[in-house]
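Engineer: Data file structure-v9.tsv (TSV, C-alpha atoms) is appended below.
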chain	number	residue	atom	x	y	z
A	201	MET	CA	-8.67	-26.12	-16.42
A	202	ALA	CA	-7.73	-24.47	-13.13
A	203	ALA	CA	-10.07	-21.84	-11.73
A	204	THR	CA	-8.84	-18.27	-12.02
A	205	LEU	CA	-9.78	-14.84	-10.71
A	206	LYS	CA	-8.46	-13.20	-13.87
A	207	ASP	CA	-10.76	-10.29	-14.81
A	208	ALA	CA	-13.71	-11.97	-13.07
A	209	THR	CA	-14.34	-8.93	-10.88
A	210	ALA	CA	-13.84	-5.19	-11.01
A	211	ILE	CA	-13.50	-2.21	-8.71
A	212	VAL	CA	-16.45	0.04	-9.49
A	213	GLY	CA	-16.42	2.56	-6.65
A	214	ILE	CA	-13.82	4.41	-4.59
A	215	GLY	CA	-14.20	6.82	-1.71
A	216	GLN	CA	-12.09	8.65	0.82
A	217	THR	CA	-12.26	11.22	3.57
A	218	PRO	CA	-9.97	14.22	3.82
A	219	PHE	CA	-6.45	13.47	5.11
A	220	ALA	CA	-4.96	15.43	7.97
A	221	LYS	CA	-2.70	15.18	10.97
A	222	ARG	CA	-5.77	15.43	13.16
A	223	LEU	CA	-9.44	14.89	12.26
A	224	PRO	CA	-12.27	15.25	14.81
A	225	GLN	CA	-14.32	12.25	13.68
A	226	SER	CA	-13.96	8.77	15.16
A	227	GLU	CA	-12.42	5.96	13.13
A	228	LYS	CA	-15.89	4.42	12.79
A	229	GLU	CA	-17.37	7.62	11.39
A	230	LEU	CA	-14.45	8.06	9.01
A	231	ALA	CA	-14.85	4.46	7.84
A	232	CYS	CA	-18.57	4.87	7.18
A	233	ARG	CA	-18.05	8.13	5.31
A	234	ALA	CA	-15.44	6.55	3.03
A	235	ILE	CA	-17.60	3.47	2.40
A	236	LEU	CA	-20.72	5.48	1.63
A	237	ALA	CA	-18.70	7.69	-0.72
A	238	ALA	CA	-17.41	4.60	-2.55
A	239	LEU	CA	-20.92	3.15	-2.86
A	240	ALA	CA	-22.24	6.47	-4.16
A	241	ASP	CA	-19.37	6.54	-6.66
A	242	ALA	CA	-20.44	3.10	-7.86
A	243	GLY	CA	-24.14	3.88	-7.85
A	244	ILE	CA	-24.88	0.97	-5.51
A	245	ALA	CA	-27.19	1.16	-2.50
A	246	PRO	CA	-25.71	0.27	0.92
A	247	SER	CA	-28.45	-2.33	1.36
A	248	GLU	CA	-26.88	-4.36	-1.45
A	249	VAL	CA	-23.53	-4.80	0.33
A	250	ASP	CA	-23.10	-8.42	1.41
A	251	ALA	CA	-19.33	-8.71	1.88
A	252	PHE	CA	-16.65	-6.89	3.83
A	253	ALA	CA	-12.86	-7.17	4.01
A	254	SER	CA	-10.47	-5.18	6.15
A	255	TYR	CA	-7.26	-5.49	8.16
A	256	THR	CA	-6.76	-7.28	11.47
A	257	MET	CA	-5.35	-3.95	12.66
A	258	GLU	CA	-8.61	-2.19	11.72
A	259	GLU	CA	-10.31	-0.90	14.89
A	260	THR	CA	-13.74	-0.66	13.24
A	261	ASP	CA	-15.43	-4.03	12.72
A	262	GLU	CA	-17.82	-5.22	10.04
A	263	VAL	CA	-20.73	-5.71	12.48
A	264	GLU	CA	-20.82	-2.06	13.51
A	265	VAL	CA	-20.01	-0.78	10.03
A	266	ALA	CA	-22.72	-2.91	8.42
A	267	LYS	CA	-25.33	-1.58	10.86
A	268	ALA	CA	-24.20	2.02	10.47
A	269	ILE	CA	-24.28	2.10	6.67
A	270	GLY	CA	-27.49	0.07	6.38
A	271	ALA	CA	-26.11	-3.08	4.76
A	272	GLY	CA	-28.34	-6.08	4.20
A	273	ASP	CA	-27.54	-9.68	5.10
A	274	VAL	CA	-23.78	-10.21	4.94
A	275	THR	CA	-22.54	-13.56	3.59
A	276	PHE	CA	-18.77	-13.02	3.54
A	277	PHE	CA	-16.34	-11.17	5.79
A	278	SER	CA	-12.59	-11.44	6.32
A	279	LYS	CA	-9.65	-9.67	7.90
A	280	VAL	CA	-6.09	-9.71	6.62
A	281	GLY	CA	-3.05	-9.54	8.88
A	282	TYR	CA	0.27	-7.73	8.94
A	283	GLY	CA	-0.70	-4.09	8.70
A	284	GLY	CA	0.32	-2.58	5.40
A	285	GLY	CA	0.93	-6.03	3.94
A	286	GLY	CA	-2.79	-6.62	3.92
A	287	SER	CA	-3.99	-3.76	1.75
A	288	CYS	CA	-4.21	-5.47	-1.64
A	289	ALA	CA	-5.28	-8.76	-0.06
A	290	THR	CA	-8.56	-7.17	1.08
A	291	VAL	CA	-9.42	-6.65	-2.59
A	292	GLY	CA	-8.21	-10.16	-3.40
A	293	HIS	CA	-10.40	-11.76	-0.75
A	294	LEU	CA	-13.48	-9.92	-2.00
A	295	ALA	CA	-12.63	-10.76	-5.60
A	296	ALA	CA	-12.50	-14.45	-4.68
A	297	ALA	CA	-15.79	-14.21	-2.75
A	298	VAL	CA	-17.62	-12.48	-5.59
A	299	ALA	CA	-16.13	-14.69	-8.31
A	300	THR	CA	-17.20	-17.86	-6.48
A	301	GLY	CA	-20.71	-16.68	-5.67
A	302	GLN	CA	-20.19	-16.19	-1.94
A	303	ALA	CA	-21.21	-12.54	-2.29
A	304	SER	CA	-22.25	-10.00	-4.91
A	305	VAL	CA	-21.17	-6.57	-3.59
A	306	GLY	CA	-18.00	-6.35	-1.54
A	307	VAL	CA	-16.53	-3.40	0.35
A	308	ALA	CA	-12.91	-3.14	1.48
A	309	TRP	CA	-11.80	-0.29	3.71
A	310	ARG	CA	-9.17	1.11	6.04
A	311	SER	CA	-9.84	3.79	8.65
A	312	ARG	CA	-7.03	5.09	10.77
A	313	LYS	CA	-6.24	7.89	13.19
A	314	ARG	CA	-2.50	7.45	13.23
A	315	GLY	CA	-1.81	11.17	13.04
A	316	SER	CA	-3.60	11.93	16.30
A	317	GLY	CA	-3.54	8.46	17.84
A	318	PRO	CA	-1.00	6.45	19.87
A	319	ARG	CA	2.07	4.66	18.53
A	320	PRO	CA	1.62	0.87	18.69
A	321	TRP	CA	5.14	0.21	19.97
A	322	LYS	CA	4.68	2.51	22.98
A	323	ASN	CA	2.43	-0.01	24.74
A	324	THR	CA	4.77	-1.74	27.19
A	325	ALA	CA	1.98	-3.44	29.12
A	326	VAL	CA	1.53	-6.25	26.59
A	327	GLN	CA	3.96	-9.07	25.97
A	328	LEU	CA	6.02	-8.66	22.84
A	329	PRO	CA	5.05	-10.88	19.90
A	330	THR	CA	7.70	-13.44	19.00
A	331	PRO	CA	9.37	-11.34	16.26
A	332	GLY	CA	9.56	-8.36	18.60
A	333	GLN	CA	11.40	-10.39	21.21
A	334	TRP	CA	14.29	-10.64	18.75
A	335	THR	CA	14.39	-6.95	17.86
A	336	ARG	CA	13.03	-4.53	20.45
A	337	PRO	CA	15.26	-5.49	23.39
A	338	PHE	CA	18.21	-4.74	21.12
A	339	GLY	CA	17.12	-1.24	20.10
A	340	LEU	CA	14.94	-1.85	17.03
A	341	LEU	CA	11.90	-0.29	18.66
A	342	ARG	CA	10.04	1.05	15.61
A	343	PRO	CA	9.47	-0.06	12.04
A	344	ALA	CA	11.83	2.75	11.00
A	345	ASP	CA	14.63	1.12	12.99
A	346	GLU	CA	14.05	-2.27	11.38
A	347	ILE	CA	13.88	-0.90	7.85
A	348	GLY	CA	16.87	1.32	8.60
A	349	MET	CA	18.89	-1.83	9.28
A	350	LEU	CA	17.73	-3.43	6.03
A	351	ALA	CA	18.58	-0.21	4.18
A	352	ARG	CA	22.10	-0.20	5.60
A	353	ARG	CA	22.55	-3.82	4.49
A	354	TYR	CA	21.27	-2.92	1.02
A	355	MET	CA	23.68	0.00	0.77
A	356	HIS	CA	26.56	-2.23	1.84
A	357	GLU	CA	25.69	-5.04	-0.56
A	358	TYR	CA	24.83	-3.05	-3.68
A	359	GLY	CA	26.27	0.44	-3.37
A	360	ALA	CA	22.96	2.24	-2.94
A	361	THR	CA	23.25	5.76	-1.57
A	362	ARG	CA	21.07	8.39	0.04
A	363	ASP	CA	20.83	9.98	-3.41
A	364	HIS	CA	18.86	6.94	-4.55
A	365	LEU	CA	16.52	7.20	-1.56
A	366	PHE	CA	16.09	10.89	-2.35
A	367	ASN	CA	14.99	9.96	-5.89
A	368	VAL	CA	12.14	7.97	-4.35
A	369	ALA	CA	11.13	10.67	-1.89
A	370	MET	CA	11.27	13.32	-4.61
A	371	ALA	CA	9.11	11.37	-7.06
A	372	CYS	CA	6.39	10.89	-4.45
A	373	ARG	CA	6.54	14.52	-3.32
A	374	ASN	CA	6.36	15.80	-6.88
A	375	ARG	CA	3.15	13.87	-7.44
A	376	ALA	CA	1.68	15.07	-4.14
A	377	ASN	CA	2.41	18.64	-5.19
A	378	GLU	CA	-0.11	18.07	-8.01
A	379	ASN	CA	-2.75	16.43	-5.80
A	380	PRO	CA	-5.01	18.82	-3.83
A	381	ALA	CA	-6.07	15.95	-1.53
A	382	ALA	CA	-2.48	15.21	-0.48
A	383	MET	CA	-1.13	16.32	2.88
A	384	MET	CA	2.01	17.57	1.08
A	385	TYR	CA	0.12	19.44	-1.65
A	386	GLU	CA	2.04	22.55	-2.70
A	387	ARG	CA	4.85	21.73	-0.26
A	388	PRO	CA	7.91	21.15	-2.47
A	389	LEU	CA	10.90	19.06	-1.43
A	390	THR	CA	14.44	19.97	-2.46
A	391	ARG	CA	17.63	17.96	-2.38
A	392	GLU	CA	19.08	20.33	0.21
A	393	MET	CA	16.04	19.88	2.46
A	394	TYR	CA	16.40	16.13	2.18
A	395	MET	CA	20.14	15.94	2.78
A	396	THR	CA	20.04	18.23	5.82
A	397	ALA	CA	16.90	16.76	7.41
A	398	ARG	CA	17.14	15.22	10.86
A	399	MET	CA	17.78	11.51	11.05
A	400	ILE	CA	14.95	9.31	12.30
A	401	SER	CA	16.85	6.03	12.19
A	402	GLU	CA	20.09	6.22	10.25
A	403	PRO	CA	20.33	6.09	7.27
A	404	LEU	CA	16.65	7.10	7.14
A	405	CYS	CA	15.96	10.80	7.54
A	406	LEU	CA	12.63	12.54	8.08
A	407	PHE	CA	11.72	12.41	4.38
A	408	ASP	CA	12.43	8.67	4.11
A	409	ASN	CA	9.52	8.02	6.46
A	410	CYS	CA	5.83	7.99	5.66
A	411	LEU	CA	3.38	10.55	6.97
A	412	GLU	CA	1.25	10.11	10.09
A	413	THR	CA	-2.32	10.53	8.99
A	414	ASP	CA	-5.93	10.52	10.09
A	415	GLY	CA	-8.28	9.40	7.33
A	416	ALA	CA	-10.16	6.56	5.68
A	417	LEU	CA	-10.59	5.01	2.22
A	418	ALA	CA	-12.79	2.34	0.71
A	419	CYS	CA	-13.52	0.58	-2.57
A	420	VAL	CA	-16.36	-1.52	-3.97
A	421	ILE	CA	-15.92	-4.82	-5.85
A	422	VAL	CA	-18.55	-6.55	-7.99
A	423	SER	CA	-18.56	-9.13	-10.78
A	424	ALA	CA	-17.23	-8.13	-14.18
A	425	GLU	CA	-20.70	-8.63	-15.61
A	426	ARG	CA	-22.36	-6.27	-13.17
A	427	ALA	CA	-19.49	-3.80	-13.45
A	428	ARG	CA	-20.52	-2.96	-17.01
A	429	ASP	CA	-23.71	-1.36	-15.66
A	430	CYS	CA	-22.08	0.78	-12.97
A	431	ARG	CA	-21.39	4.50	-13.19
A	432	HIS	CA	-17.75	4.36	-14.23
A	433	LYS	CA	-15.81	2.18	-16.61
A	434	PRO	CA	-14.72	-0.98	-14.78
A	435	VAL	CA	-11.22	-1.41	-13.41
A	436	TYR	CA	-10.69	-5.16	-13.57
A	437	VAL	CA	-8.87	-7.14	-10.91
A	438	HIS	CA	-6.64	-9.03	-13.32
A	439	SER	CA	-4.32	-10.86	-10.94
A	440	VAL	CA	-4.03	-11.22	-7.16
A	441	ALA	CA	-1.30	-12.59	-4.93
A	442	GLN	CA	-0.23	-12.85	-1.31
A	443	GLY	CA	3.31	-13.68	-0.23
A	444	LEU	CA	4.79	-15.20	2.92
A	445	PRO	CA	8.25	-16.63	2.17
A	446	ALA	CA	9.75	-19.62	3.94
A	447	GLN	CA	11.34	-18.85	7.32
A	448	HIS	CA	10.13	-15.27	7.16
A	449	HIS	CA	10.71	-12.99	10.16
A	450	GLY	CA	8.80	-9.71	9.95
A	451	MET	CA	10.67	-6.67	8.66
A	452	VAL	CA	14.21	-7.82	9.46
A	453	ASN	CA	14.13	-11.30	7.82
A	454	TYR	CA	16.57	-12.67	10.38
A	455	TRP	CA	16.13	-16.33	9.45
A	456	ASN	CA	16.19	-16.04	5.67
A	457	ASP	CA	19.28	-17.01	3.73
A	458	ASP	CA	19.03	-13.55	2.18
A	459	PRO	CA	17.27	-10.85	4.24
A	460	LEU	CA	16.94	-8.64	1.16
A	461	SER	CA	14.75	-11.20	-0.64
A	462	GLY	CA	11.53	-10.20	1.07
A	463	PRO	CA	7.89	-11.23	0.67
A	464	ALA	CA	7.59	-9.26	-2.60
A	465	TRP	CA	9.54	-11.99	-4.37
A	466	THR	CA	7.09	-14.67	-3.24
A	467	ALA	CA	4.01	-12.59	-4.09
A	468	ALA	CA	5.44	-11.58	-7.46
A	469	ARG	CA	6.02	-15.13	-8.66
A	470	HIS	CA	2.36	-15.97	-8.10
A	471	LEU	CA	1.07	-12.63	-9.41
A	472	TRP	CA	2.82	-12.91	-12.77
A	473	LYS	CA	2.04	-16.63	-13.10
A	474	GLN	CA	-1.67	-15.80	-12.95
A	475	SER	CA	-1.40	-12.83	-15.32
A	476	ASP	CA	-1.49	-12.24	-19.06
A	477	PHE	CA	1.06	-9.46	-18.52
A	478	GLY	CA	4.59	-9.10	-17.22
A	479	PRO	CA	6.50	-6.29	-15.52
A	480	GLN	CA	7.37	-4.86	-18.93
A	481	ASP	CA	3.66	-4.30	-19.62
A	482	VAL	CA	2.93	-2.22	-16.50
A	483	ASP	CA	2.15	1.40	-17.40
A	484	VAL	CA	2.13	2.81	-13.86
A	485	ALA	CA	2.75	1.40	-10.38
A	486	GLN	CA	1.58	2.23	-6.89
A	487	ILE	CA	4.32	0.70	-4.73
A	488	TYR	CA	4.00	0.60	-0.96
A	489	ASP	CA	6.21	3.32	0.46
A	490	ALA	CA	6.10	3.42	4.23
A	491	PHE	CA	9.86	3.98	3.84
A	492	THR	CA	11.88	4.92	0.75
A	493	PRO	CA	14.07	1.76	0.72
A	494	LEU	CA	10.96	-0.36	0.15
A	495	ILE	CA	10.73	1.02	-3.39
A	496	PRO	CA	14.05	-0.33	-4.76
A	497	LEU	CA	13.50	-3.60	-2.89
A	498	SER	CA	10.03	-3.91	-4.46
A	499	LEU	CA	11.25	-2.94	-7.93
A	500	GLU	CA	13.57	-5.93	-7.75
A	501	GLY	CA	11.04	-8.26	-6.15
A	502	TYR	CA	8.37	-7.58	-8.78
A	503	GLY	CA	10.80	-7.98	-11.65
A	504	PHE	CA	11.24	-4.45	-12.97
A	505	CYS	CA	14.99	-4.83	-12.71
A	506	GLY	CA	17.61	-7.37	-11.63
A	507	ARG	CA	18.84	-8.21	-8.18
A	508	GLY	CA	20.72	-5.28	-6.66
A	509	GLU	CA	19.63	-2.93	-9.48
A	510	GLY	CA	16.69	-1.27	-7.72
A	511	ALA	CA	18.68	1.73	-6.54
A	512	ALA	CA	20.16	2.41	-9.98
A	513	PHE	CA	16.66	2.02	-11.48
A	514	THR	CA	15.60	5.22	-9.69
A	515	GLU	CA	18.19	7.33	-11.54
A	516	GLY	CA	17.45	9.69	-14.42
A	517	GLY	CA	13.87	10.44	-13.44
A	518	ALA	CA	12.77	6.84	-13.97
A	519	LEU	CA	10.07	7.11	-11.29
A	520	GLU	CA	8.76	10.48	-12.46
A	521	MET	CA	6.07	11.24	-15.02
A	522	GLY	CA	7.41	10.23	-18.42
A	523	GLY	CA	10.00	7.94	-16.84
A	524	ARG	CA	10.43	4.18	-17.16
A	525	LEU	CA	7.89	3.50	-14.40
A	526	PRO	CA	5.91	6.39	-12.89
A	527	ILE	CA	5.08	5.49	-9.30
A	528	ASN	CA	2.73	6.61	-6.53
A	529	THR	CA	1.03	9.19	-8.67
A	530	GLY	CA	-1.11	10.55	-5.83
A	531	GLY	CA	1.93	11.02	-3.60
A	532	GLY	CA	1.88	7.66	-1.84
A	533	GLY	CA	2.40	7.09	1.85
A	534	LEU	CA	5.39	9.41	1.82
A	535	SER	CA	3.55	12.50	0.62
A	536	GLU	CA	-0.21	11.96	0.12
A	537	ALA	CA	-1.29	10.09	3.25
A	538	TYR	CA	-0.31	7.01	5.18
A	539	VAL	CA	-3.40	4.85	5.66
A	540	HIS	CA	-1.66	1.47	5.46
A	541	GLY	CA	-1.46	1.63	1.68
A	542	PHE	CA	-5.15	1.83	0.83
A	543	ASN	CA	-4.67	5.15	-0.97
A	544	LEU	CA	-2.46	3.29	-3.44
A	545	ILE	CA	-5.41	1.06	-4.40
A	546	ASN	CA	-7.71	4.02	-5.01
A	547	GLU	CA	-5.01	5.85	-6.95
A	548	GLY	CA	-4.58	2.80	-9.18
A	549	VAL	CA	-8.28	2.95	-9.98
A	550	LYS	CA	-8.03	6.67	-10.74
A	551	GLN	CA	-5.18	6.05	-13.17
A	552	LEU	CA	-7.15	3.45	-15.12
A	553	ARG	CA	-10.23	5.66	-15.16
A	554	GLY	CA	-8.04	8.47	-16.50
A	555	ILE	CA	-8.82	10.90	-13.66
A	556	SER	CA	-5.60	11.02	-11.64
A	557	THR	CA	-4.13	14.41	-10.79
A	558	ALA	CA	-0.91	13.07	-12.32
A	559	GLN	CA	-2.37	11.05	-15.15
A	560	VAL	CA	-0.14	8.67	-17.12
A	561	PRO	CA	-1.34	8.96	-20.73
A	562	ASP	CA	-3.37	5.95	-21.90
A	563	ALA	CA	-2.60	3.94	-18.76
A	564	ALA	CA	-4.13	0.48	-19.16
A	565	THR	CA	-2.30	-1.57	-16.51
A	566	CYS	CA	-1.40	-0.66	-12.93
A	567	LEU	CA	0.46	-2.70	-10.35
A	568	VAL	CA	-0.49	-2.01	-6.73
A	569	THR	CA	1.63	-3.51	-3.97
A	570	ALA	CA	1.28	-3.83	-0.22
A	571	GLY	CA	3.99	-3.56	2.41
A	572	GLU	CA	7.34	-5.14	1.66
A	573	GLY	CA	9.11	-6.54	4.71
A	574	VAL	CA	5.98	-8.19	6.12
A	575	PRO	CA	3.69	-10.90	4.69
A	576	THR	CA	2.42	-9.00	1.71
A	577	SER	CA	-0.03	-8.85	-1.19
A	578	ALA	CA	-0.38	-7.29	-4.62
A	579	ILE	CA	-2.97	-6.75	-7.31
A	580	LEU	CA	-2.60	-6.09	-11.00
A	581	LEU	CA	-5.38	-3.86	-12.28
A	582	ARG	CA	-6.30	-3.34	-15.92
A	583	ALA	CA	-8.66	-1.01	-17.72
Written as structure tokens, how would this file's structure read?
Structural biologist:
Amino acid sequence: MAATLKDATAIVGIGQTPFAKRLPQSEKELACRAILAALADAGIAPSEVDAFASYTMEETDEVEVAKAIGAGDVTFFSKVGYGGGGSCATVGHLAAAVATGQASVGVAWRSRKRGSGPRPWKNTAVQLPTPGQWTRPFGLLRPADEIGMLARRYMHEYGATRDHLFNVAMACRNRANENPAAMMYERPLTREMYMTARMISEPLCLFDNCLETDGALACVIVSAERARDCRHKPVYVHSVAQGLPAQHHGMVNYWNDDPLSGPAWTAARHLWKQSDFGPQDVDVAQIYDAFTPLIPLSLEGYGFCGRGEGAAFTEGGALEMGGRLPINTGGGGLSEAYVHGFNLINEGVKQLRGISTAQVPDAATCLVTAGEGVPTSAILLRA
């Protein structure tokens, strides 16, 4: 019988700092605060931590973090590439390490000062990576420009409209309005505000783009056996997947036969193959939302609807509380905070603990996805 990670590990602690446009602390301090909060939430001493996983874009490294929090000997550490595509994979790497005995207490984290820090694409002193050589000289300078082009293609192919993108933005903002930790708490969004907002990269307006945030988050992973003795009921890591499709070209998918079949499709096939559940069994989803068009593309990729049906899926309040698939119940990257998707992981845990500020009744399964458009990852959590 093939080895499996199914329910072998659980997330037992979550932590976060405040979110803001500008925070005074360094990224290292923010990271340590989030990690210590997650360990306290789990009831586990920092000296027991022996595994770390983060992003290649993370500026704080495990050596300095381990010293600062007082970790013991560390026997596993990894970094996952591709920015927001790596969020769920950090949990997956730790789950694999713990399940195979390489470690016993793993910590994943993301600390970022994007609100007050520089924009990565402004650095003209370094040579462009290969994908950038095919986009930036031709005007696609920012991720918003690249996704804007995909969005225009999606609209052309399948009849999606800005009304459908508004449905996404509105669902996330409505949930943030209920979440005191969200940057957009008590800041309502109306259709008129959306439709008259300035364009950032047509057809994407201001409200189609994620926030720019300072903040940090972390979670703690242990074996399912140990999880039963921790402070909160375990949230099991039921299935894990990463996805890098053949001939992939970041964001714009230039070389693919179909640029709208992104990495989500590859990740989804593996995720569901390893799972006891299917899309129809998911009670709530935290879908990576750096930009609104990523939601309909992900809905299709992960099998919640057919090809080209993602835009229509958003109609009739389907993404709202009580709808077919409530999403991003903390507000997501669009309206809670943009920390490369890690807040979606923690919100998934909150849903399955039953403590979300926008709680889906009796939620027992939660899909969490990482960035669509780049090599991606996903986890299916269950209570």
Engineer: Tell me, as an NGL selection string, which residues lie within 10 Å of stretch 325-333 of chain A, counting all atoms listed in the file; anything in the same chain fewer than 2 positions away does not count.
Structural biologist: :A and (321-323 or 335-338 or 340-342 or 448-454)
Engineer: Produce a table with one row for each residue of stretch 342-454 of chain A that has an atom at most 6 Å from any atom of stretch 203-221 of chain A, each row naming the nearest atom pair and its distance in Å at one decimal; use all atoms listed in the file; arrange rows by chain and rising residue number; format as CSV.
Structural biologist:
residue,atom,partner,partner_atom,distance
A:Thr413,CA,A:Lys221,CA,5.1
A:Asp414,CA,A:Ala220,CA,5.4
A:Gly415,CA,A:Phe219,CA,5.0
A:Ala416,CA,A:Thr217,CA,5.5
A:Leu417,CA,A:Gln216,CA,4.2
A:Ala418,CA,A:Gly215,CA,5.3
A:Cys419,CA,A:Ile214,CA,4.3
A:Val420,CA,A:Gly213,CA,4.9
A:Ile421,CA,A:Ile211,CA,4.6
A:Val422,CA,A:Thr209,CA,5.6
A:Ser423,CA,A:Thr209,CA,4.2
A:Ala424,CA,A:Thr209,CA,4.5
A:Pro434,CA,A:Val212,CA,5.7
A:Val435,CA,A:Ala210,CA,5.2
A:Tyr436,CA,A:Ala210,CA,4.1
A:Val437,CA,A:Ala210,CA,5.3
A:His438,CA,A:Asp207,CA,4.6
A:Ser439,CA,A:Lys206,CA,5.6
Engineer: Rank A:Ser498, A:Asn528, A:Asn374, A:Ser461 by their smallest atom-to-atom distance to A:Pro479, using all atoms listed in the file, and report the top residue only.
Structural biologist: A:Ser498
Engineer: Measuring between all atoms listed in the file, which one of A:Leu230, A:Glu509, A:Gly243, A:Gly283 shows the shortest distance to A:Asp429?
Structural biologist: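 For A:Asp429, the nearest of the candidates is A:Gly243.
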Engineer: For a test of reading the model, state the distance in Å between atom CA of A:Arg431 and atom CA of A:Ala245, rounded to one decimal.
Structural biologist: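 Between atom CA of A:Arg431 and atom CA of A:Ala245 the gap works out to 12.6 Å.
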Engineer: Rounded to one decimal, what separation in Å do you get between atom CA of A:His432 and atom CA of A:Arg524?
Structural biologist: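 One can read the atom CA of A:His432 to atom CA of A:Arg524 distance as 28.3 Å.
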Engineer: Measuring atom to atom with only C-alpha atoms, identify which of A:Ala570, A:Ala351, A:Val274, A:Leu580 is nearest to A:Ala297.
Structural biologist: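 Nearest candidate to A:Ala297 out of A:Ala570, A:Ala351, A:Val274, A:Leu580: A:Val274.
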Engineer: Pick the closest to A:Arg387 from A:Pro561, A:Gly281, A:Gly531, A:Pro246: which is it, counting only C-alpha atoms?
Structural biologist: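 Once distances to A:Arg387 are computed over only C-alpha atoms, the minimum belongs to A:Gly531.
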Engineer: Select from stretch 397-505 of chain A every residue with an atom at most 12 Å from any atom of stretch 517-520 of chain A, then for each give the shortest pair of atoms and their distance in Å to one decimal, using only C-alpha atoms, rows by chain and rising number, as JSON lines.
Structural biologist:
{"residue": "A:Asp483", "atom": "CA", "partner": "A:Leu519", "partner_atom": "CA", "distance": 11.5}
{"residue": "A:Val484", "atom": "CA", "partner": "A:Leu519", "partner_atom": "CA", "distance": 9.4}
{"residue": "A:Ala485", "atom": "CA", "partner": "A:Leu519", "partner_atom": "CA", "distance": 9.3}
{"residue": "A:Gln486", "atom": "CA", "partner": "A:Leu519", "partner_atom": "CA", "distance": 10.7}
{"residue": "A:Ile487", "atom": "CA", "partner": "A:Leu519", "partner_atom": "CA", "distance": 10.8}
{"residue": "A:Ile495", "atom": "CA", "partner": "A:Leu519", "partner_atom": "CA", "distance": 10.0}
{"residue": "A:Pro496", "atom": "CA", "partner": "A:Leu519", "partner_atom": "CA", "distance": 10.7}
{"residue": "A:Leu499", "atom": "CA", "partner": "A:Leu519", "partner_atom": "CA", "distance": 10.7}
{"residue": "A:Phe504", "atom": "CA", "partner": "A:Ala518", "partner_atom": "CA", "distance": 11.4}
{"residue": "A:Cys505", "atom": "CA", "partner": "A:Ala518", "partner_atom": "CA", "distance": 11.9}
Engineer: Hey, which of A:Arg352, A:Ala446, A:Lys228, A:Ala511 ends up closest to A:Glu264? Count all atoms listed in the file.
Structural biologist: A:Lys228
Engineer: I need the residue nearest A:Met384 from this list: A:Gln474, A:Glu412, A:Gly443, A:Gly339. Use all atoms listed in the file for the distance.
Structural biologist: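 Residue with the minimum atom-to-atom distance to A:Met384: A:Glu412.
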Engineer: Could you please determine the separation between atom CA of A:Gly272 and atom CA of A:Asp250 in Å, to one decimal place?
Structural biologist: 6.4 Å
Engineer: What are the centre and edge lengths in Å, to one decimal, of the axis-aligned box around all listed atoms of stretch 334-349 of chain A with 5 Å added on each side, as lines of an AutoDock Vina configuration file?
Structural biologist:
center_x = 14.2
center_y = -3.9
center_z = 15.6
size_x = 19.4
size_y = 23.4
size_z = 25.5
Engineer: So which residues touch A:Pro445 within 8 Å, counting only C-alpha atoms, skipping near sequence neighbours fewer than 4 positions away, as number ranges by chain?
Structural biologist: A: 462-463, 466, 575
Engineer: Write out as an MDAnalysis selection string the residues lying within 12 Å of A:Ile400, counting only C-alpha atoms and excluding same-chain residues fewer than 2 positions away.
Structural biologist: chainID A and resid 341:348 397:398 402:410 491
Engineer: Please write the residues from the selection above to a file, keeping C-alpha atoms, as a tab-separated table (two decimals), in the frame of the given file.
Structural biologist:
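Okay, again-v4.tsv is ready:
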chain	number	residue	atom	x	y	z
A	341	LEU	CA	11.90	-0.29	18.66
A	342	ARG	CA	10.04	1.05	15.61
A	343	PRO	CA	9.47	-0.06	12.04
A	344	ALA	CA	11.83	2.75	11.00
A	345	ASP	CA	14.63	1.12	12.99
A	346	GLU	CA	14.05	-2.27	11.38
A	347	ILE	CA	13.88	-0.90	7.85
A	348	GLY	CA	16.87	1.32	8.60
A	397	ALA	CA	16.90	16.76	7.41
A	398	ARG	CA	17.14	15.22	10.86
A	402	GLU	CA	20.09	6.22	10.25
A	403	PRO	CA	20.33	6.09	7.27
A	404	LEU	CA	16.65	7.10	7.14
A	405	CYS	CA	15.96	10.80	7.54
A	406	LEU	CA	12.63	12.54	8.08
A	407	PHE	CA	11.72	12.41	4.38
A	408	ASP	CA	12.43	8.67	4.11
A	409	ASN	CA	9.52	8.02	6.46
A	410	CYS	CA	5.83	7.99	5.66
A	491	PHE	CA	9.86	3.98	3.84
Engineer: Report as number ranges by chain all protein, DNA and RNA residues lying within 7 Å of A:Gly501, evaluated on only C-alpha atoms, omitting residues in the same chain fewer than 2 positions from it.
Structural biologist: A: 464-465, 468, 497-499, 503
